[in-house]
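J.: I have a structure I would like to understand better, so I am pasting it below and will then ask my questions one at a time.
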Amino acid sequence: MKRVGGRVTWLCRLDGVLAEKVREGTKRMTICRGGLVEPGDVLRLTVGDDTIQQVTVVEARDLWMMAQVNGECVGVVARICGNGIGAGELGELARMNGFGSAPEMVRFLDGKGCFLHGIFDGQIIGW
């Protein structure tokens, strides 16, 4: 499916802890599966049925991760826009997204069913 012009509004559901970080202003990006969001689109950030904020997307970069997760995050390989990133950069990405560490972020995403056969293919979306 290909979008032809125009701005799209996307619904982005957040968990309570991540929503609080949005309210505090410390979380200004999110990670999601897929690759349809583009700069200029709108994200409606919600918790349950409540809208926290409506924000305009300023960046959307491809994120690919391969992880071995069996209750614990054993190892992760990640690429942003096709370029490999190191453990330090992945940890910083996790912190910017409201997590304490890369393994914590991977376990969270895995628990939400975002990894398929150990692969996450999605986007980093900033506002």
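Chain lettering (A, B, ...) mirrors the order of the structure tokens, residue numbering begins at 1 for each chain separately, and ligand numbering begins at 1 in order of display.
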Which residues come within 7 Å of region 19-31 of chain A, counting only C-alpha atoms, excluding same-chain residues fewer than 2 positions away, as an MDAnalysis selection string?
T.: chainID A and resid 14:17 47 96:98 123:127
J.: Pick out the closest residue to Thr56 (chain A) from this set: A:Pro103, A:Pro39, A:Gly82, A:Gly88. Count only C-alpha atoms.
T.: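 Distance minimum relative to Thr56 (chain A) lands on A:Pro39.
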J.: Write out as a list of chain:residue names which residues come within 10 Å of Val69 (chain A) when counting only C-alpha atoms, dropping same-chain ones fewer than 5 positions away.
T.: A:Val74, A:Gly75, A:Val76, A:Pro103, A:Val106, A:Arg107, A:Asp110, A:Gly111, A:Phe115, A:Gly118
J.: Mind writing the picked residues with C-alpha atoms as a PDB file, in the first residue's frame?
T.:
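Output contents, as saved in out.pdb:
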ATOM      1  CA  VAL A  74      20.689 -12.108  25.578  1.00  0.00           C
ATOM      2  CA  GLY A  75      21.893 -10.106  22.579  1.00  0.00           C
ATOM      3  CA  VAL A  76      20.750  -7.460  20.108  1.00  0.00           C
ATOM      4  CA  PRO A 103      17.627  -4.973  27.234  1.00  0.00           C
ATOM      5  CA  VAL A 106      13.797  -5.182  23.950  1.00  0.00           C
ATOM      6  CA  ARG A 107      11.981  -7.170  26.675  1.00  0.00           C
ATOM      7  CA  ASP A 110       9.012  -8.547  22.883  1.00  0.00           C
ATOM      8  CA  GLY A 111       6.303  -8.689  25.555  1.00  0.00           C
ATOM      9  CA  PHE A 115       9.361  -9.207  17.512  1.00  0.00           C
ATOM     10  CA  GLY A 118      13.447 -12.517  16.816  1.00  0.00           C
TER      11      GLY A 118
END
J.: Env of Asn83 (chain A): 12 Å cut, atoms = only C-alpha atoms, seq-sep filter 2 positions within chain, self excluded. Answer as a list in words.
T.: Arg61, Asp62, Leu63, Trp64, Met65, Val77, Ala78, Arg79, Ile80, Cys81, Ile85, Gly86 and Glu89 of chain A
J.: Based on DSSP run over this structure's backbone, return all residues of chain A in alpha helix (DSSP H), as a list in words.
T.: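 Everything in chain A that counts as alpha helix (DSSP H) is Gly16, Val17, Leu18, Ala19, Glu20, Lys21, Val22, Arg23, Glu24, Ala87, Gly88, Glu89, Leu90, Gly91, Glu92, Leu93, Ala94, Arg95, Met96, Ala102, Pro103, Glu104, Met105, Val106, Arg107, Phe108, Leu109, Asp110 and Gly111 of chain A.
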J.: Which residue, A:Leu116, A:Cys12, A:Asn70, A:Arg7, has the smallest gap to Cys32 (chain A) when you use only C-alpha atoms?
T.: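 Among the listed residues, A:Cys12 lies closest to Cys32 (chain A).
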J.: Applying 8 Å and only C-alpha atoms, which residues near region 100-102 of chain A remain after dropping the ones on its own chain fewer than 4 positions away? List them as an NGL selection string.
T.: :A and (87 or 90-95 or 106)
J.: Of the candidates A:Leu18, A:Leu45, A:Ile119, A:Val37, which one gets nearest to Val58 (chain A) if we count only C-alpha atoms?
T.: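 Using only C-alpha atoms, the shortest distance to Val58 (chain A) belongs to A:Val37.
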